[in-house]
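Raw contents of input_35.csv, CSV, C-alpha atoms:
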chain,number,residue,atom,x,y,z
A,1004,MET,CA,-203.7,48.1,-117.4
A,1005,ARG,CA,-205.4,45.4,-115.4
A,1006,ILE,CA,-206.1,46.1,-111.8
A,1007,SER,CA,-206.4,43.3,-109.4
A,1008,ASP,CA,-209.5,42.6,-107.4
A,1009,LYS,CA,-210.1,44.2,-104.1
A,1010,ILE,CA,-209.6,40.8,-102.6
A,1011,VAL,CA,-205.9,40.9,-103.6
A,1012,ALA,CA,-205.5,44.2,-101.8
A,1013,GLY,CA,-207.1,42.6,-98.9
A,1014,PHE,CA,-204.6,39.8,-98.8
A,1015,LEU,CA,-201.8,42.3,-99.2
A,1016,LEU,CA,-203.2,44.2,-96.2
A,1017,ALA,CA,-203.1,41.0,-94.2
A,1018,ALA,CA,-199.5,40.4,-95.4
A,1019,LEU,CA,-198.5,43.8,-94.2
A,1020,LEU,CA,-199.7,43.1,-90.7
A,1021,THR,CA,-197.6,44.7,-88.0
A,1022,LEU,CA,-197.7,43.7,-84.4
A,1023,SER,CA,-197.2,46.5,-82.0
A,1024,PRO,CA,-194.3,46.0,-79.6
A,1025,SER,CA,-195.1,45.8,-75.9
A,1026,PRO,CA,-193.5,48.1,-73.4
A,1027,VAL,CA,-190.4,47.1,-71.6
A,1028,ARG,CA,-191.1,45.1,-68.4
A,1029,ALA,CA,-188.6,45.4,-65.6
A,1030,ALA,CA,-187.9,43.1,-62.7
A,1031,THR,CA,-185.6,43.9,-59.8
A,1032,ASN,CA,-183.8,41.3,-57.7
A,1033,ILE,CA,-181.7,41.5,-54.6
A,1034,GLY,CA,-179.9,38.5,-53.0
A,1035,ARG,CA,-179.7,38.8,-49.2
A,1036,ALA,CA,-177.5,36.8,-46.8
A,1037,ASP,CA,-176.3,36.8,-43.2
A,1038,LEU,CA,-174.3,34.7,-40.8
A,1039,GLY,CA,-176.0,33.0,-37.9
A,1040,ALA,CA,-179.3,34.8,-38.4
A,1041,ASP,CA,-181.8,35.4,-41.1
A,1042,PRO,CA,-180.9,38.1,-43.6
A,1043,LEU,CA,-182.3,41.5,-42.8
A,1044,ALA,CA,-184.0,43.7,-45.4
A,1045,THR,CA,-182.2,46.7,-44.0
A,1046,ASP,CA,-178.8,45.0,-44.7
A,1047,THR,CA,-177.3,45.9,-41.3
A,1048,ASP,CA,-176.1,42.4,-40.8
A,1049,PHE,CA,-172.8,40.6,-41.5
A,1050,ILE,CA,-172.9,40.0,-45.2
A,1051,THR,CA,-173.5,42.8,-47.6
A,1052,ASP,CA,-176.4,42.1,-49.9
A,1053,SER,CA,-176.0,42.0,-53.6
A,1054,GLY,CA,-177.7,45.3,-54.6
A,1055,PRO,CA,-180.6,45.4,-57.1
A,1056,LEU,CA,-180.0,43.5,-60.3
A,1057,VAL,CA,-182.4,44.9,-62.9
A,1058,ILE,CA,-183.6,42.7,-65.8
A,1059,ASN,CA,-185.8,44.2,-68.4
A,1060,SER,CA,-187.6,42.3,-71.1
A,1061,THR,CA,-189.1,43.4,-74.4
A,1062,LYS,CA,-191.7,41.5,-76.3
A,1063,LEU,CA,-190.3,41.3,-79.8
A,1064,ALA,CA,-192.5,42.1,-82.8
A,1065,VAL,CA,-192.7,40.4,-86.2
A,1066,MET,CA,-193.0,42.6,-89.2
A,1067,LYS,CA,-194.1,41.6,-92.7
A,1068,LYS,CA,-193.9,43.7,-95.8
A,1069,ALA,CA,-194.3,43.2,-99.6
A,1070,PHE,CA,-191.9,44.5,-102.3
A,1071,THR,CA,-191.8,44.5,-106.1
A,1072,ASP,CA,-190.0,41.6,-107.6
A,1073,ASP,CA,-186.6,43.2,-108.2
A,1074,ALA,CA,-183.7,44.5,-106.3
A,1075,SER,CA,-185.0,48.0,-106.0
A,1076,GLY,CA,-186.6,47.5,-102.6
A,1077,THR,CA,-189.8,49.3,-103.7
A,1078,GLU,CA,-192.3,48.6,-101.0
A,1079,ILE,CA,-195.9,47.7,-101.9
A,1080,VAL,CA,-197.7,49.5,-99.2
A,1081,SER,CA,-200.8,48.4,-97.4
A,1082,GLY,CA,-203.9,49.0,-99.5
A,1083,SER,CA,-202.1,49.0,-102.9
A,1084,SER,CA,-203.6,47.3,-105.9
A,1085,VAL,CA,-201.4,45.3,-108.3
A,1086,VAL,CA,-201.9,43.4,-111.5
A,1087,LYS,CA,-203.0,39.8,-111.3
A,1088,GLY,CA,-200.0,37.6,-112.2
A,1089,THR,CA,-197.6,39.9,-110.6
A,1090,ILE,CA,-194.8,38.4,-108.6
A,1091,VAL,CA,-194.1,40.1,-105.3
A,1092,LYS,CA,-191.4,39.5,-102.6
A,1093,PHE,CA,-192.5,39.0,-99.1
A,1094,MET,CA,-190.1,39.9,-96.3
A,1095,ILE,CA,-190.7,38.8,-92.7
A,1096,TYR,CA,-188.3,40.3,-90.1
A,1097,LEU,CA,-187.8,40.7,-86.4
A,1098,ASP,CA,-185.5,43.1,-84.6
A,1099,ASN,CA,-183.8,41.8,-81.5
A,1100,SER,CA,-183.0,45.2,-80.0
A,1101,THR,CA,-182.1,43.6,-76.6
A,1102,ASN,CA,-178.7,42.8,-75.0
A,1103,ALA,CA,-179.2,39.1,-75.2
A,1104,GLN,CA,-179.6,36.5,-77.9
A,1105,ALA,CA,-183.1,35.5,-78.8
A,1106,THR,CA,-183.0,31.7,-78.8
A,1107,ASP,CA,-185.3,29.2,-80.5
A,1108,VAL,CA,-187.4,31.7,-82.3
A,1109,ARG,CA,-190.2,30.2,-84.5
A,1110,PHE,CA,-192.1,31.7,-87.3
A,1111,ILE,CA,-195.2,30.5,-89.2
A,1112,ASP,CA,-196.5,32.2,-92.3
A,1113,LEU,CA,-199.7,30.9,-93.9
A,1114,MET,CA,-200.2,31.8,-97.5
A,1115,ASP,CA,-203.7,31.5,-99.1
A,1116,LEU,CA,-203.2,29.3,-102.1
A,1117,THR,CA,-206.2,30.7,-103.9
A,1118,ALA,CA,-204.7,34.2,-103.9
A,1119,PHE,CA,-201.0,33.4,-104.1
A,1120,THR,CA,-198.7,30.8,-105.7
A,1121,TYR,CA,-195.4,30.3,-103.9
A,1122,GLN,CA,-192.3,30.5,-106.2
A,1123,ALA,CA,-190.2,27.4,-105.6
A,1124,ASN,CA,-186.8,27.7,-104.1
A,1125,SER,CA,-187.1,31.4,-103.4
A,1126,LEU,CA,-186.5,31.4,-99.7
A,1127,ARG,CA,-183.6,33.4,-98.3
A,1128,TRP,CA,-182.6,34.6,-94.8
A,1129,ASN,CA,-180.1,36.6,-92.9
A,1130,ASN,CA,-179.5,36.9,-89.2
A,1131,LEU,CA,-176.0,38.1,-88.7
A,1132,VAL,CA,-175.6,41.2,-90.9
A,1133,THR,CA,-178.3,43.7,-90.3
A,1134,ALA,CA,-177.9,45.8,-87.1
A,1135,SER,CA,-180.9,46.6,-84.9
A,1136,ALA,CA,-182.9,49.6,-85.9
A,1137,ALA,CA,-181.7,49.5,-89.5
A,1138,PRO,CA,-184.2,51.0,-92.0
A,1139,VAL,CA,-186.4,48.7,-94.0
A,1140,ALA,CA,-184.5,49.4,-97.2
A,1141,THR,CA,-181.3,48.1,-95.6
A,1142,ILE,CA,-183.0,45.0,-94.3
A,1143,PHE,CA,-184.4,44.3,-97.7
A,1144,THR,CA,-181.0,44.8,-99.4
A,1145,ASP,CA,-179.3,42.5,-96.9
A,1146,THR,CA,-181.9,39.8,-97.3
A,1147,ASN,CA,-182.5,40.0,-101.0
A,1148,ALA,CA,-178.9,39.3,-101.9
A,1149,GLY,CA,-175.6,40.2,-100.4
A,1150,ALA,CA,-174.8,38.3,-97.2
A,1151,SER,CA,-178.1,36.5,-97.1
A,1152,LEU,CA,-178.3,32.7,-97.6
A,1153,ALA,CA,-180.6,30.7,-99.8
A,1154,LEU,CA,-182.8,28.2,-98.1
A,1155,THR,CA,-184.2,25.0,-99.5
A,1156,ASP,CA,-188.0,24.4,-99.5
A,1157,ALA,CA,-187.5,21.0,-98.0
A,1158,ILE,CA,-188.6,20.2,-94.5
A,1159,SER,CA,-185.5,19.3,-92.7
A,1160,ASN,CA,-183.0,20.5,-90.1
A,1161,ALA,CA,-180.4,21.1,-92.8
A,1162,ASP,CA,-181.4,24.8,-92.8
A,1163,VAL,CA,-183.8,27.1,-90.9
A,1164,GLY,CA,-186.8,27.3,-93.4
A,1165,SER,CA,-189.2,25.2,-95.4
A,1166,VAL,CA,-192.4,25.4,-97.4
A,1167,ASP,CA,-195.3,22.9,-97.5
A,1168,VAL,CA,-197.6,23.7,-100.4
A,1169,THR,CA,-199.6,20.6,-99.8
A,1170,GLN,CA,-201.3,22.2,-96.9
A,1171,VAL,CA,-204.8,23.6,-97.8
A,1172,PRO,CA,-206.2,26.1,-98.0
A,1173,ASN,CA,-203.0,27.8,-96.9
A,1174,ALA,CA,-199.4,26.8,-97.9
A,1175,ARG,CA,-197.4,26.7,-94.7
A,1176,ILE,CA,-194.0,28.4,-94.6
A,1177,THR,CA,-192.0,28.0,-91.4
A,1178,PHE,CA,-188.7,29.2,-90.0
A,1179,GLY,CA,-187.1,27.6,-87.0
A,1180,ALA,CA,-188.0,24.5,-85.0
A,1181,VAL,CA,-191.8,24.8,-85.4
A,1182,THR,CA,-193.2,21.5,-84.1
A,1183,VAL,CA,-195.5,20.7,-87.0
A,1184,GLN,CA,-192.9,21.6,-89.6
A,1185,ALA,CA,-189.5,21.6,-88.0
A,1186,ASN,CA,-186.3,23.1,-89.4
A,1187,ALA,CA,-183.0,24.0,-87.7
A,1188,GLN,CA,-183.3,26.3,-84.7
A,1189,VAL,CA,-183.3,30.1,-85.3
A,1190,ASN,CA,-181.3,32.2,-83.0
A,1191,ILE,CA,-181.0,36.0,-83.3
A,1192,PRO,CA,-177.9,37.5,-81.9
A,1193,ALA,CA,-178.2,40.5,-79.6
A,1194,GLY,CA,-178.7,43.7,-81.5
A,1195,LYS,CA,-179.3,42.0,-84.8
A,1196,ILE,CA,-182.3,41.7,-87.2
A,1197,VAL,CA,-183.3,38.3,-88.5
A,1198,SER,CA,-185.1,38.5,-91.9
A,1199,PHE,CA,-186.6,36.0,-94.4
A,1200,LEU,CA,-187.7,36.6,-97.9
A,1201,TYR,CA,-189.6,34.6,-100.5
A,1202,ARG,CA,-191.5,35.2,-103.8
A,1203,ALA,CA,-195.1,34.6,-104.6
A,1204,ARG,CA,-197.3,35.2,-107.6
A,1205,ILE,CA,-200.7,36.9,-107.2
A,1206,ASN,CA,-203.3,34.7,-108.7
B,118,MET,CA,-160.2,77.8,-57.6
B,119,LYS,CA,-162.8,77.4,-54.9
B,120,THR,CA,-164.7,75.0,-57.2
B,121,LYS,CA,-161.6,72.9,-57.8
B,122,LEU,CA,-161.0,72.7,-54.1
B,123,ARG,CA,-164.6,71.7,-53.5
B,124,LYS,CA,-164.3,68.9,-56.1
B,125,ARG,CA,-161.1,67.7,-54.5
B,126,ALA,CA,-162.7,67.7,-51.1
B,127,VAL,CA,-165.7,65.7,-52.5
B,128,ALA,CA,-163.3,63.3,-54.3
B,129,ALA,CA,-161.4,62.8,-51.1
B,130,ALA,CA,-164.5,62.2,-49.0
B,131,THR,CA,-165.8,59.7,-51.6
B,132,GLY,CA,-162.5,57.8,-51.6
B,133,LEU,CA,-162.6,57.6,-47.8
B,134,LEU,CA,-166.1,56.2,-47.9
B,135,ILE,CA,-165.1,53.5,-50.4
B,136,LEU,CA,-162.1,52.5,-48.4
B,137,THR,CA,-164.1,52.4,-45.2
B,138,ALA,CA,-166.6,50.1,-46.9
B,139,VAL,CA,-164.1,47.5,-48.2
B,140,SER,CA,-161.3,47.6,-45.6
B,141,ALA,CA,-160.9,45.1,-42.8
B,142,ARG,CA,-161.7,46.2,-39.3
B,143,GLY,CA,-159.0,45.4,-36.8
B,144,ALA,CA,-159.2,44.9,-33.0
B,145,SER,CA,-156.1,44.4,-30.9
B,146,ASN,CA,-156.0,42.7,-27.5
B,147,THR,CA,-153.2,42.2,-25.0
B,148,ALA,CA,-153.4,40.1,-21.9
B,149,THR,CA,-151.4,41.7,-19.0
B,150,ASP,CA,-150.5,40.8,-15.5
B,151,PRO,CA,-153.0,42.4,-13.2
B,152,GLY,CA,-150.4,42.3,-10.4
B,153,GLY,CA,-150.7,41.0,-6.8
B,154,GLY,CA,-149.9,37.4,-7.6
B,155,GLY,CA,-146.9,35.5,-6.5
B,156,VAL,CA,-145.4,35.5,-10.0
B,157,SER,CA,-144.9,38.4,-12.2
B,158,LEU,CA,-146.2,37.8,-15.7
B,159,ALA,CA,-145.0,39.4,-18.9
B,160,PRO,CA,-147.8,40.7,-21.2
B,161,SER,CA,-149.0,38.3,-23.8
B,162,GLY,CA,-148.2,40.5,-26.8
B,163,THR,CA,-150.8,41.8,-29.0
B,164,VAL,CA,-153.4,39.6,-30.7
B,165,THR,CA,-155.0,41.3,-33.6
B,166,VAL,CA,-158.3,40.1,-35.0
B,167,ASN,CA,-159.4,41.7,-38.3
B,168,SER,CA,-162.9,41.4,-39.7
B,169,SER,CA,-164.2,42.2,-43.2
B,170,ALA,CA,-167.7,42.3,-44.4
B,171,LEU,CA,-168.5,39.5,-46.8
B,172,GLN,CA,-170.2,40.4,-50.0
B,173,LEU,CA,-173.1,38.5,-51.6
B,174,VAL,CA,-172.9,38.6,-55.4
B,175,LYS,CA,-175.9,38.1,-57.7
B,176,GLN,CA,-175.5,37.6,-61.4
B,177,VAL,CA,-177.7,36.8,-64.3
B,178,TRP,CA,-176.4,34.5,-67.1
B,179,ASN,CA,-177.9,33.6,-70.4
B,180,GLY,CA,-179.9,30.3,-70.6
B,181,PRO,CA,-177.1,28.1,-71.8
B,182,GLY,CA,-174.8,29.6,-69.2
B,183,THR,CA,-172.2,30.7,-71.6
B,184,LEU,CA,-172.4,34.5,-71.0
B,185,CYS,CA,-172.7,36.6,-67.9
B,186,LEU,CA,-175.2,39.4,-68.7
B,187,ALA,CA,-175.2,41.5,-65.5
B,188,SER,CA,-173.9,41.5,-62.0
B,189,GLN,CA,-174.4,43.1,-58.6
B,190,PRO,CA,-172.0,44.3,-57.5
B,191,ALA,CA,-170.6,45.2,-60.9
B,192,ASP,CA,-168.0,42.9,-62.3
B,193,ALA,CA,-165.7,43.9,-65.1
B,194,THR,CA,-165.7,40.3,-66.4
B,195,CYS,CA,-169.5,40.3,-66.6
B,196,SER,CA,-170.6,42.3,-69.7
B,197,GLY,CA,-168.3,45.2,-68.8
B,198,ASN,CA,-169.7,46.0,-65.3
B,199,ALA,CA,-173.3,45.9,-66.5
B,200,THR,CA,-175.8,45.9,-63.6
B,201,ALA,CA,-178.9,45.8,-65.8
B,202,VAL,CA,-179.8,44.0,-69.0
B,203,THR,CA,-182.7,43.9,-71.4
B,204,VAL,CA,-183.6,40.5,-72.9
B,205,PRO,CA,-186.4,39.3,-75.2
B,206,SER,CA,-189.6,38.2,-73.3
B,207,GLY,CA,-189.6,34.5,-72.9
B,208,THR,CA,-185.8,34.2,-72.6
B,209,GLY,CA,-184.4,31.5,-70.3
B,210,LEU,CA,-181.9,32.8,-67.8
B,211,GLN,CA,-179.7,31.6,-64.9
B,212,PHE,CA,-179.3,33.3,-61.6
B,213,LEU,CA,-176.0,32.7,-59.8
B,214,ILE,CA,-175.7,33.8,-56.1
B,215,PHE,CA,-172.4,33.4,-54.3
B,216,VAL,CA,-170.3,34.7,-51.5
B,217,ARG,CA,-166.5,34.5,-51.2
B,218,ASN,CA,-165.2,33.7,-47.8
B,219,THR,CA,-162.1,35.8,-47.8
B,220,SER,CA,-161.5,35.3,-44.1
B,221,ASP,CA,-159.1,32.9,-42.4
B,222,VAL,CA,-161.8,30.9,-40.6
B,223,ALA,CA,-164.6,28.7,-41.8
B,224,LEU,CA,-168.1,30.2,-42.0
B,225,THR,CA,-171.0,28.5,-40.2
B,226,ASP,CA,-174.7,29.0,-40.3
B,227,VAL,CA,-174.7,31.0,-43.6
B,228,ARG,CA,-178.1,32.0,-44.8
B,229,PHE,CA,-179.2,33.3,-48.2
B,230,GLN,CA,-182.7,34.5,-49.1
B,231,ASP,CA,-183.8,35.5,-52.6
B,232,LEU,CA,-187.3,36.7,-53.3
B,233,LEU,CA,-188.0,36.1,-57.0
B,234,ASP,CA,-190.3,38.6,-58.7
B,235,THR,CA,-193.0,36.3,-60.1
B,236,SER,CA,-195.4,39.1,-61.1
B,237,ALA,CA,-196.5,39.6,-64.7
B,238,SER,CA,-193.4,41.6,-65.4
B,239,GLY,CA,-191.1,39.2,-63.5
B,240,PHE,CA,-189.9,35.6,-63.9
B,241,SER,CA,-191.2,32.1,-64.0
B,242,TYR,CA,-189.0,29.7,-61.9
B,243,THR,CA,-187.9,26.5,-63.6
B,244,GLY,CA,-188.8,23.8,-61.1
B,245,GLY,CA,-186.0,21.6,-59.9
B,246,SER,CA,-183.3,23.7,-61.3
B,247,ILE,CA,-181.3,24.6,-58.1
B,248,LYS,CA,-177.7,23.4,-57.9
B,249,LYS,CA,-174.9,24.3,-55.5
B,250,THR,CA,-171.1,24.4,-55.5
B,251,PRO,CA,-169.3,22.1,-53.2
B,252,ASN,CA,-169.0,23.4,-49.7
B,253,ASP,CA,-166.0,21.4,-48.6
B,254,ALA,CA,-162.3,21.3,-49.5
B,255,THR,CA,-163.3,21.0,-53.2
B,256,ALA,CA,-165.2,24.3,-53.2
B,257,PRO,CA,-164.0,27.0,-55.6
B,258,LEU,CA,-161.4,29.4,-54.1
B,259,ASP,CA,-162.2,32.8,-52.8
B,260,THR,CA,-159.9,34.2,-55.5
B,261,ASP,CA,-161.7,32.4,-58.3
B,262,THR,CA,-163.5,34.3,-61.0
B,263,ALA,CA,-167.2,34.4,-61.2
B,264,ALA,CA,-167.0,32.2,-64.3
B,265,VAL,CA,-165.2,29.5,-62.3
B,266,ILE,CA,-167.8,29.7,-59.5
B,267,HIS,CA,-170.5,29.5,-62.2
B,268,THR,CA,-169.0,26.4,-63.6
B,269,ALA,CA,-168.7,24.8,-60.2
B,270,ALA,CA,-172.3,25.5,-59.5
B,271,VAL,CA,-173.6,24.2,-62.9
B,272,SER,CA,-171.6,21.0,-62.4
B,273,GLY,CA,-172.5,20.8,-58.7
B,274,THR,CA,-175.0,19.0,-56.7
B,275,ALA,CA,-178.7,19.4,-57.5
B,276,GLN,CA,-180.9,20.6,-54.6
B,277,SER,CA,-184.6,19.7,-54.4
B,278,ASP,CA,-187.2,22.5,-54.3
B,279,ALA,CA,-188.8,21.0,-51.3
B,280,LEU,CA,-187.8,21.7,-47.8
B,281,GLY,CA,-187.8,18.1,-46.8
B,282,ALA,CA,-186.8,17.1,-43.3
B,283,PRO,CA,-184.8,19.3,-44.2
B,284,ASP,CA,-183.2,17.2,-46.9
B,285,ASP,CA,-180.5,19.5,-48.4
B,286,TYR,CA,-179.1,23.0,-48.4
B,287,ALA,CA,-181.6,24.9,-50.5
B,288,SER,CA,-185.3,25.1,-51.3
B,289,PHE,CA,-187.7,27.1,-53.5
B,290,VAL,CA,-191.2,27.6,-52.0
B,291,GLY,CA,-193.7,30.0,-53.4
B,292,SER,CA,-191.5,32.6,-54.9
B,293,THR,CA,-188.7,32.4,-52.3
B,294,LEU,CA,-185.3,30.7,-52.6
B,295,THR,CA,-183.5,30.0,-49.3
B,296,VAL,CA,-180.2,28.5,-48.6
B,297,GLY,CA,-179.2,27.3,-45.1
B,298,ALA,CA,-181.2,27.5,-42.0
B,299,VAL,CA,-183.4,30.5,-42.7
B,300,SER,CA,-186.1,30.5,-40.0
B,301,SER,CA,-189.1,30.7,-42.2
B,302,GLN,CA,-187.9,28.2,-44.7
B,303,ALA,CA,-185.2,26.1,-43.1
B,304,ASN,CA,-182.8,23.8,-44.9
B,305,LEU,CA,-179.6,22.2,-43.7
B,306,SER,CA,-177.3,24.6,-41.9
B,307,LEU,CA,-174.7,25.7,-44.3
B,308,GLY,CA,-171.0,26.2,-43.6
B,309,PHE,CA,-167.9,26.2,-45.8
B,310,PRO,CA,-164.2,26.5,-45.4
B,311,SER,CA,-162.0,29.6,-45.2
B,312,HIS,CA,-160.8,31.1,-48.5
B,313,LYS,CA,-163.4,29.2,-50.4
B,314,SER,CA,-166.5,30.4,-52.3
B,315,PHE,CA,-170.0,29.0,-52.1
B,316,GLY,CA,-172.8,29.6,-54.6
B,317,VAL,CA,-176.1,28.4,-55.9
B,318,ILE,CA,-177.6,28.6,-59.3
B,319,PHE,CA,-181.1,28.3,-60.6
B,320,SER,CA,-183.0,28.9,-63.8
B,321,VAL,CA,-185.9,31.1,-64.7
B,322,THR,CA,-187.8,32.5,-67.7
B,323,LYS,CA,-188.2,36.2,-68.0
B,324,LYS,CA,-191.8,37.1,-68.7

Do you think you could lay out the structure here as structure tokens?
Amino acid sequence: MRISDKIVAGFLLAALLTLSPSPVRAATNIGRADLGADPLATDTDFITDSGPLVINSTKLAVMKKAFTDDASGTEIVSGSSVVKGTIVKFMIYLDNSTNAQATDVRFIDLMDLTAFTYQANSLRWNNLVTASAAPVATIFTDTNAGASLALTDAISNADVGSVDVTQVPNARITFGAVTVQANAQVNIPAGKIVSFLYRARIN
Amino acid sequence: MKTKLRKRAVAAATGLLILTAVSARGASNTATDPGGGGVSLAPSGTVTVNSSALQLVKQVWNGPGTLCLASQPADATCSGNATAVTVPSGTGLQFLIFVRNTSDVALTDVRFQDLLDTSASGFSYTGGSIKKTPNDATAPLDTDTAAVIHTAAVSGTAQSDALGAPDDYASFVGSTLTVGAVSSQANLSLGFPSHKSFGVIFSVTKK
């Protein structure tokens, strides 16, 4: 059995990068009003103030994981070694756990061409099916087949993803309306997970 | 049994409090003949003047303005009475502030003030985004839904951020929005007819 170089494991580690979510940040707002005088903070005037309107925000976090090239959803965990020439599936996903749609979300994934070879026409995505907080296995299943949609590699607004393998040293994969490689806009409904999947050979 | 009675008493007291807060307050006056004149006058009859506290409403809508996310006071038509919402950082939002004039007389010298939280956990104001509903006979009705008032504001007249001479009815300076002749940041004095609603809308980005 041939075992890959450590460098491959290193690239996998990079691929498995997870960004830590930020804590929820809250902001409270009160509208005040009065007749014939300035509104009073104590609200003893003639128009009842609105009461505090609380708006929290959460910084969403992108996750990226690697899987074996089949439908099993077997994850290749960070630090693993795999055989050169092996094809793996990369999945990038983002959980919009909030009450509001995330609008115009843009992703860039740079793939080192010396370490990986993108497998043409392997892009897929899903943004309507998978509910927030679903386990990784469910996200993979929903994206690998099922209700997910195939994307073309072409750079156009006909769909939400594209691949530019002419970029060096890193092929550039984008999702959404990224300025330098624009696709159709990506929106993530409230309480849903958006996920993308593609295949790459380890060189 | 005692517990049930206590619960009923609390419920009754709560109900009384709510009714007191929202009911009109009436005052009756009758002009009468004080006597001693050359003519005997019949009393005028009772003139009753009711007053009710007007309510300022503040709502947050999504960026495109297609969905009300939360409202204070709570509104069943706005995300099922939600008074709080969590959104992704960086999300564009609209704030709608309005008051319904449910009285029978026009309002004069109405003043709004809204302090926007511009801290690191707050909002970024979108410059030049203030608009207002009409404040004349074409204004939305006091019985209109928040959605109708929102539409009237979105399609209403743009207001400059600057105070001007003053130049219009609203301004945004620093982190403060004012509408009308608020002393510290005075715009044109605002009035609007009876049984109409008036509102302003502006855009922010949640940090």

Rank B:Cys195, B:Ile247, B:Leu184, B:Leu173 by their smallest atom-to-atom distance to chain A, using only C-alpha atoms, and report the top residue only.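 Selected residue with least distance to chain A: B:Leu173.
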
Contacts from chain B to chain A, 7 Å maximum, only C-alpha atoms: show me the residue list as an MDAnalysis selection string. chainID B and resid 170:175 188:190 200:206 208 226:231 233:234 238:239 299:300 323

Tell me which protein, DNA and RNA residues are within 8 Å of range 304-321 of chain B, counting all atoms listed in the file, leaving out same-chain ones fewer than 5 positions away, and put them as a VMD selection string. chain B and resid 180 209 to 228 240 to 243 246 to 254 256 to 261 266 to 267 270 to 271 280 to 288 295 to 299

Just give me the gap between CA of Ala1150 in chain A and CA of Val1065 in chain A in Å, one decimal is fine.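 We find that CA of Ala1150 in chain A and CA of Val1065 in chain A lie 21.1 Å from each other.
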
Shell around range 1151-1156 of chain A at 6 Å using all atoms listed in the file, local window under 4 positions removed, as a tab-separated table (two decimals) with C-alpha atoms, in the coordinates of the input:
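selection-v3.tsv was written with the following content:
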chain	number	residue	atom	x	y	z
A	1124	ASN	CA	-186.80	27.70	-104.10
A	1126	LEU	CA	-186.50	31.40	-99.70
A	1127	ARG	CA	-183.60	33.40	-98.30
A	1128	TRP	CA	-182.60	34.60	-94.80
A	1129	ASN	CA	-180.10	36.60	-92.90
A	1146	THR	CA	-181.90	39.80	-97.30
A	1165	SER	CA	-189.20	25.20	-95.40
A	1166	VAL	CA	-192.40	25.40	-97.40

Neighbour residues at most 12 Å from (-190.4, 25.3, -85.2) (all atoms listed in the file) as an MDAnalysis selection string: chainID A and resid 1106:1112 1158:1160 1162:1165 1175:1190

Calculate how many Å separate CA of Lys1195 in chain A from CA of Thr1071 in chain A, rounding to one decimal. 24.8 Å

Need to verify the contact set: range 1131-1134 of chain A, 8 Å, all atoms listed in the file, exclusion of same-chain residues closer than 3 positions in sequence. Can you return it as a CSV table (one decimal) with C-alpha atoms, in the frame of the given file?
chain,number,residue,atom,x,y,z
A,1137,ALA,CA,-181.7,49.5,-89.5
A,1141,THR,CA,-181.3,48.1,-95.6
A,1142,ILE,CA,-183.0,45.0,-94.3
A,1145,ASP,CA,-179.3,42.5,-96.9
A,1150,ALA,CA,-174.8,38.3,-97.2
A,1191,ILE,CA,-181.0,36.0,-83.3
A,1192,PRO,CA,-177.9,37.5,-81.9
A,1194,GLY,CA,-178.7,43.7,-81.5
A,1195,LYS,CA,-179.3,42.0,-84.8
A,1196,ILE,CA,-182.3,41.7,-87.2
A,1197,VAL,CA,-183.3,38.3,-88.5

In file coordinates, which residues lie within 6 Å of (-191.7, 42.1, -96.0) using only C-alpha atoms, given as a PDB file with C-alpha atoms, in the coordinates of the input?
ATOM      1  CA  LYS A1067    -194.100  41.600 -92.700  1.00  0.00           C
ATOM      2  CA  LYS A1068    -193.900  43.700 -95.800  1.00  0.00           C
ATOM      3  CA  ALA A1069    -194.300  43.200 -99.600  1.00  0.00           C
ATOM      4  CA  PHE A1093    -192.500  39.000 -99.100  1.00  0.00           C
ATOM      5  CA  MET A1094    -190.100  39.900 -96.300  1.00  0.00           C
ATOM      6  CA  ILE A1095    -190.700  38.800 -92.700  1.00  0.00           C
TER       7      ILE A1095
END

Taking only C-alpha atoms into account, name the residue in A:Ala1148, A:Ala1118, A:Val1086, A:Ala1064 that is nearest to Asn1173 in chain A. A:Ala1118

What is the distance between CA of Ser196 in chain B and CA of Ser1135 in chain A, in Å to one decimal?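 Computed distance, CA of Ser196 in chain B to CA of Ser1135 in chain A, equals 18.9 Å.
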